[in-house]
Amino acid sequence: MFEIVVVGSDSSETARQAVVAAADVAKIAGGMLHIVTAYDPKSVRAEHLPPEFQLSTNIHPADILLDQLSAIGKERGLEVEVHAVTGDPAAAIVKVAETEHADLIVVGNQGMKGARRILGSVPNSVAHSAPCSVLIVDTEVTG
């Protein structure tokens, strides 16, 4: 039923919980997991860097995050693809879901309450523009 599961995440603990939920759903369905993170593409030209840094190679923080998050799916024996996309997070998640023909998008409920609920949130935007079913996971930390 949910063979292609797309989940949006950032570096927050609540977003990590959404990845865990998405991996669990994909595992139950025998599906594949796609993890999406969006970032702001700010770059510095090499010629503006000090000489000792001009030849160094860097790994983008988005790639490091996706590598860490992909371990959640791999630990469950899932095939995992990662997507680092520039721009708006909700648009990035929906775009990947469209491109990959997703059956399900999973997002955390961060921003669904309070002022952000009125001003807009990633889960709200995704739910209104998704090309497939959407699971909004309760990631509120209780304690």
# chains A, B, ... in the order shown; residues from 1 in each chain; ligands from 1
>>> residues_around(residues="stretch 126-143 of chain A", least_positions_apart="2", cutoff="12 Å", atoms="only C-alpha atoms", output="JSON, numbers by chain")
{"A": [1, 2, 3, 4, 5, 6, 7, 8, 12, 13, 14, 15, 16, 17, 18, 19, 20, 21, 22, 25, 88, 89, 90, 91, 92, 93, 94, 95, 96, 97, 98, 99, 100, 101, 102, 103, 104, 105, 106, 107, 108, 109, 110, 111, 112, 113, 120, 121, 122, 123, 124]}
>>> write_last_selection(atoms="C-alpha atoms", output="compact mmCIF listing (two decimals), in the first residue's frame")
# COMPACT_ATOMS: atom_id res chain seq x y z
CA MET A 1 0.00 0.00 0.00
CA PHE A 2 2.71 2.51 0.97
CA GLU A 3 5.59 1.21 -1.12
CA ILE A 4 7.26 4.59 -1.62
CA VAL A 5 7.42 6.67 1.55
CA VAL A 6 8.82 10.20 1.55
CA VAL A 7 9.69 11.92 4.83
CA GLY A 8 10.81 15.49 5.39
CA SER A 12 15.56 18.66 15.12
CA GLU A 13 14.63 15.79 17.43
CA THR A 14 10.98 16.09 16.42
CA ALA A 15 11.87 15.71 12.74
CA ARG A 16 13.99 12.67 13.63
CA GLN A 17 10.89 11.15 15.22
CA ALA A 18 9.06 11.61 11.91
CA VAL A 19 11.87 9.72 10.14
CA VAL A 20 11.54 6.87 12.63
CA ALA A 21 7.77 6.71 12.02
CA ALA A 22 8.26 6.81 8.24
CA VAL A 25 5.67 2.38 7.97
CA ASP A 88 11.28 25.93 0.83
CA PRO A 89 10.97 22.72 2.91
CA ALA A 90 7.31 22.02 2.08
CA ALA A 91 7.87 22.56 -1.63
CA ALA A 92 10.96 20.34 -1.53
CA ILE A 93 9.06 17.49 0.13
CA VAL A 94 6.16 17.73 -2.34
CA LYS A 95 8.54 17.93 -5.31
CA VAL A 96 10.38 14.77 -4.27
CA ALA A 97 7.06 13.02 -3.63
CA GLU A 98 5.91 13.92 -7.15
CA THR A 99 9.20 12.91 -8.77
CA GLU A 100 9.40 9.59 -6.92
CA HIS A 101 5.66 8.81 -7.30
CA ALA A 102 5.27 8.53 -3.54
CA ASP A 103 2.38 6.68 -1.95
CA LEU A 104 2.82 8.45 1.40
CA ILE A 105 4.47 11.58 2.78
CA VAL A 106 5.35 11.65 6.48
CA VAL A 107 5.99 14.88 8.36
CA GLY A 108 6.11 15.81 12.02
CA ASN A 109 3.49 18.07 13.55
CA GLN A 110 5.96 20.80 14.53
CA GLY A 111 4.33 24.17 13.88
CA MET A 112 0.75 22.86 13.85
CA LYS A 113 -0.15 24.74 17.04
CA GLY A 120 1.66 28.49 8.01
CA SER A 121 3.77 25.47 8.70
CA VAL A 122 5.53 22.76 6.76
CA PRO A 123 3.00 20.03 7.69
CA ASN A 124 0.09 22.29 6.80
>>> atom_distance(atom1="atom CA of A:Leu78", atom2="atom CA of A:Asp24")
9.6 Å
>>> atom_distance(atom1="atom CA of A:Glu79", atom2="atom CA of A:Met32")
5.3 Å
>>> closest_residue(among="A:His34, A:Lys27, A:Ser125, A:Tyr39", to="A:Val82", atoms="only C-alpha atoms")
A:His34
>>> residues_around(residues="A:Ala23", least_positions_apart="6", cutoff="8 Å", atoms="only C-alpha atoms", output="VMD selection string")
chain A and resid 33 72 to 73 76 78
